[in-house]
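Have a look at the structure below, then the notes.
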Amino acid sequence: MNLNMLHPAEQLAIIIKRVYNQRRTTTSGGNISIKDENGDMWITPGAIDKGNLTKDDMICIKPDGTIIGRHKPSSEYPFHQRIYEVRPDLRAVLHAHPSALVAFSIVRKLPDTTLTPQIYYECGKPGMAKYAMTGSEELGEKIAEVFAQNLNVAILENHGVVVGAGCLQDAFGLFETMESAARMEINATTIGSKKSLDVELLESCRETQASELPEFVCESYSSAEKEARKTICDFAARAYRQELINSVQGSFSERTGEHSFVITPHHCDRLSLEPADIVSVENGAVEKGKVPSAMVLIHEAIYEQHPEIHNIIICQPMNVTAFAVTDTPLDSRTIPESYINMRDIPRLPKPIMMLDAKEVAAAFNESTPIVLAQNDSVIVTGDNMLQVFDRLEVAEYSAMSIIMSKNQGEMVPIDEKGLEDIRKGFHLK
């Protein structure tokens, strides 16, 4: 679904419901706005249940100040107006109080967006807006000062976060990524010392995000490929609902032939993917008119080196990735299920985009279905998408358990005899 093709009021209703359902705002908290091509600002109402808003509840504020709607606009609409004044390139603003970003706001610290390349490229550098009374003109000025520096994220002291983008879908993706990054950083500092990436290095690698592959015209899809496309859509949406990925992150693929596979598109909402959005890759060429995931070369290299692998997921779940941005190993010897699904998890020394794709692919073998990349992602492989998804879930839940255990005492891993019993009992290599 292309959110931008919907009326602004409809867009606001969809996104505020997603923010609320994710428990990243409360019944009374948060506000979202869109500035349309006519200069009208559409905004969520104030003091109306965020869990049940519809498009008919949205408010239109005309350029001359005329307010149209059956409710009062959010009391914080003045700062939305000021942001649009200082940043005419922005067309959507989202403000909410998600717990991890509020945690940073109440200690008046900025989240570190240089922990992974993906976070840095999506969010850039955030700024801090000095405290001022909610709904006041002063607050609007302090937030506008941050956005006037060409920053798209403002952490509000003792308040929450405001993000802005060229459209509401991008603003929402930015908001989700910032909150996930904040949670990941909190988890990382629980288990060890976080390791940041150098900004100059990140900037020098920015161009490698997009891979320019030749195109081919895909005239028809086989029944097997149609099924593979639907499978990817279903599991991407499921991963999103399970908070394993966010709306703009997560790369899923399925092998369709000896030298062909299908893969998720670049920067498209993972919750609403449709089979037609999925990108076909054949013999190193991509389906004409589509942009595949930035990780397409990694998927291709893994399939070429490992004929036994049929599905791959690359993503940054907030608990697993906490281990990737520290030196703390992700130990699979917690419970039998974890060891059976994860085995030993090697760590690539650098973010994926800083490594050769063949080098990444060489890390996998029959006893290594999961690999963690330093300051980056987890790569999960398997025979089918259900198996890969299960391994991803087990990895994330195992990581969460280890993080939770830190305040309880030292983890006692399953000993070697216990591991050997598991290997024999489940015929593991």
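Order determines the names: the first chain of the structure tokens is A, the second B, and so forth; residues in each chain are numbered 1 upward, and ligands are numbered 1 upward as they are shown.
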
Can you list, as a list in words, every protein, DNA or RNA residue that comes within 7 Å of stretch 394-409 of chain A when you count only C-alpha atoms, leaving out same-chain residues fewer than 4 positions away?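 Once the adjacent positions are removed, what remains is Asn187, Thr190, Ile191, Pro317, Asn319, Val320, Leu330, Ser338, Met342 and Asp390 of chain A.
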
Which residues, written as JSON, numbers by chain, have at least one atom at most 8 Å from A:Pro349, with only C-alpha atoms counted and residues fewer than 2 positions away on the same chain left out? {"A": [347, 351, 373, 374]}

Write out as number ranges by chain all residues of stretch 26-77 of chain A that DSSP puts in strand (DSSP E or B) for this structure's backbone. A: 31-35, 41-43, 45, 59-61, 67-68, 73

What's the 9 Å shell around stretch 14-16 of chain A, counting only C-alpha atoms, without same-chain residues fewer than 4 positions away, as an MDAnalysis selection string? chainID A and resid 3 9:10 20:21 25 30:32 44 50:51 53:55 168:169 172

Close residues, A:Leu297 itself excluded, 10 Å, only C-alpha atoms, min 6 positions apart in chain, as a ChimeraX atom specification: /A:211,213,284,303,353,356-358

Generate a file of the selected residues that holds N, CA and C atoms, formatted as an mmCIF file, in the first residue's frame.
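Result written to selection.cif:
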data_model
loop_
_atom_site.group_PDB
_atom_site.id
_atom_site.type_symbol
_atom_site.label_atom_id
_atom_site.label_comp_id
_atom_site.auth_asym_id
_atom_site.auth_seq_id
_atom_site.Cartn_x
_atom_site.Cartn_y
_atom_site.Cartn_z
ATOM 1 N N SER A 211 23.313 -0.978 -4.599
ATOM 2 C CA SER A 211 24.095 -1.750 -5.559
ATOM 3 C C SER A 211 23.438 -1.632 -6.926
ATOM 4 N N LEU A 213 22.823 -3.101 -10.056
ATOM 5 C CA LEU A 213 22.852 -4.353 -10.803
ATOM 6 C C LEU A 213 22.133 -4.174 -12.124
ATOM 7 N N GLY A 284 22.291 -12.531 -11.388
ATOM 8 C CA GLY A 284 22.931 -11.255 -11.082
ATOM 9 C C GLY A 284 22.211 -10.029 -11.598
ATOM 10 N N TYR A 303 23.534 -17.683 -1.400
ATOM 11 C CA TYR A 303 22.889 -18.702 -2.242
ATOM 12 C C TYR A 303 23.887 -19.355 -3.201
ATOM 13 N N MET A 353 28.283 -4.031 5.087
ATOM 14 C CA MET A 353 28.624 -3.261 3.891
ATOM 15 C C MET A 353 30.119 -2.966 3.785
ATOM 16 N N ASP A 356 33.421 -7.917 1.959
ATOM 17 C CA ASP A 356 33.091 -8.511 0.671
ATOM 18 C C ASP A 356 31.974 -9.533 0.867
ATOM 19 N N ALA A 357 31.005 -9.548 -0.042
ATOM 20 C CA ALA A 357 29.847 -10.442 0.094
ATOM 21 C C ALA A 357 30.265 -11.902 0.180
ATOM 22 N N LYS A 358 31.292 -12.285 -0.564
ATOM 23 C CA LYS A 358 31.761 -13.677 -0.522
ATOM 24 C C LYS A 358 32.362 -14.019 0.837
#

Check the smallest atom-to-atom distance from each of A:Gly160, A:Gly140, A:Gly135, A:Gly124 to A:Leu174 using only C-alpha atoms, then report the winner.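 Between A:Gly160, A:Gly140, A:Gly135, A:Gly124, the residue approaching A:Leu174 most closely is A:Gly124.
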
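Atom pair atom CA of A:Ile245 / atom CA of A:Asn158 has a distance of 27.6 Å (rounded to one decimal).
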
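Near A:Ser260, within 8 Å and counting only C-alpha atoms, sit A:Arg255, A:Ser280, A:Val281, A:Glu282, A:Asn283, not including residues fewer than 5 positions from it in the same chain.
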
Nearest to A:Asp277, restricted to only C-alpha atoms and choosing among A:Ser28, A:Asn4, A:Ser367, A:Ser293, comes out as A:Ser293

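Relative to atom CA of A:Leu244, atom CA of A:His259 is found at 28.5 Å.
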
Between A:Met385, A:Ala171, A:Met41, A:Ala362, which one has atoms that come closest to A:Phe235, using only C-alpha atoms? A:Met385

Please provide the set of residues having any atom within 10 Å of A:Asn52, restricted to only C-alpha atoms, with same-chain residues fewer than 3 positions apart removed, written as a CSV table (one decimal) with all heavy atoms, in the first residue's frame.
chain,number,residue,atom,x,y,z
A,13,ALA,N,-4.9,8.8,10.4
A,13,ALA,CA,-5.6,7.8,11.2
A,13,ALA,C,-4.9,6.5,11.2
A,13,ALA,O,-4.8,5.8,12.3
A,13,ALA,CB,-7.0,7.6,10.6
A,16,ILE,N,-1.4,7.0,13.4
A,16,ILE,CA,-1.6,7.2,14.9
A,16,ILE,C,-2.1,5.9,15.5
A,16,ILE,O,-1.7,5.6,16.7
A,16,ILE,CB,-2.6,8.4,15.2
A,16,ILE,CG1,-2.5,8.7,16.7
A,16,ILE,CG2,-4.0,8.0,14.8
A,16,ILE,CD1,-1.2,9.3,17.1
A,17,LYS,N,-2.8,5.1,14.8
A,17,LYS,CA,-3.3,3.8,15.3
A,17,LYS,C,-2.1,2.9,15.4
A,17,LYS,O,-2.0,2.1,16.4
A,17,LYS,CB,-4.3,3.2,14.4
A,17,LYS,CG,-4.9,1.9,14.9
A,17,LYS,CD,-6.2,1.5,14.2
A,17,LYS,CE,-7.3,2.4,14.6
A,17,LYS,NZ,-8.6,1.9,14.0
A,20,TYR,N,-0.1,3.9,18.5
A,20,TYR,CA,-0.8,3.6,19.7
A,20,TYR,C,-0.7,2.0,19.9
A,20,TYR,O,-0.4,1.6,21.1
A,20,TYR,CB,-2.2,4.0,19.7
A,20,TYR,CG,-3.0,3.7,20.9
A,20,TYR,CD1,-2.8,4.4,22.1
A,20,TYR,CD2,-3.8,2.6,21.0
A,20,TYR,CE1,-3.5,4.1,23.3
A,20,TYR,CE2,-4.5,2.2,22.1
A,20,TYR,CZ,-4.3,3.0,23.3
A,20,TYR,OH,-5.0,2.6,24.4
A,27,THR,N,-3.3,7.0,25.4
A,27,THR,CA,-4.6,7.4,25.0
A,27,THR,C,-4.6,8.9,24.7
A,27,THR,O,-5.2,9.4,23.8
A,27,THR,CB,-5.6,7.0,26.0
A,27,THR,OG1,-5.7,5.6,26.1
A,27,THR,CG2,-7.0,7.6,25.6
A,48,ILE,N,-8.6,13.5,22.5
A,48,ILE,CA,-9.5,12.5,21.9
A,48,ILE,C,-8.7,11.1,21.9
A,48,ILE,O,-7.5,11.1,21.6
A,48,ILE,CB,-9.9,12.8,20.5
A,48,ILE,CG1,-10.6,14.2,20.4
A,48,ILE,CG2,-10.8,11.7,19.9
A,48,ILE,CD1,-11.9,14.3,21.2
A,49,ASP,N,-9.4,10.1,22.3
A,49,ASP,CA,-8.8,8.7,22.4
A,49,ASP,C,-8.0,8.3,21.2
A,49,ASP,O,-8.5,8.1,20.1
A,49,ASP,CB,-9.9,7.7,22.7
A,49,ASP,CG,-9.4,6.3,22.8
A,49,ASP,OD1,-8.2,6.1,22.9
A,49,ASP,OD2,-10.3,5.4,22.9
A,57,ASP,N,-12.0,12.4,12.4
A,57,ASP,CA,-11.6,13.1,13.6
A,57,ASP,C,-10.5,14.1,13.4
A,57,ASP,O,-10.1,14.9,14.3
A,57,ASP,CB,-11.1,12.2,14.7
A,57,ASP,CG,-12.3,11.3,15.2
A,57,ASP,OD1,-13.3,11.8,15.6
A,57,ASP,OD2,-12.1,10.0,15.3

Surrounding residues of A:Lys125 excluding itself and chain neighbours under 4 positions, 12 Å, only C-alpha atoms, as a count of residues only: 22

Which residue of A:Asn246, A:Tyr131, A:Ser204, A:Leu273 approaches A:Arg229 most closely, using only C-alpha atoms: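 Result for the nearest residue to A:Arg229: A:Leu273.
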
My list of candidates is A:Pro265, A:Pro214, A:Pro126, A:Gly192. Which is closest to A:Pro292 when distances are computed with only C-alpha atoms?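 Result for the nearest residue to A:Pro292: A:Pro265.
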
Just list the residues in stretch 164-222 of chain A DSSP gives helix (DSSP H, G or I) on the backbone, as number ranges by chain. A: 168-191, 199-209

Report, in Å to a single decimal, how far apart atom CA of A:Ala363 and atom CA of A:Ala224 are.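 For atom CA of A:Ala224 relative to atom CA of A:Ala363, the distance reads 28.9 Å.
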
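Comparing the minimum interatomic distances between A:Phe389 and each of A:Asp234, A:Asp269, A:Glu185, A:Asp376, counting only C-alpha atoms, we find that A:Asp234 sits nearest.
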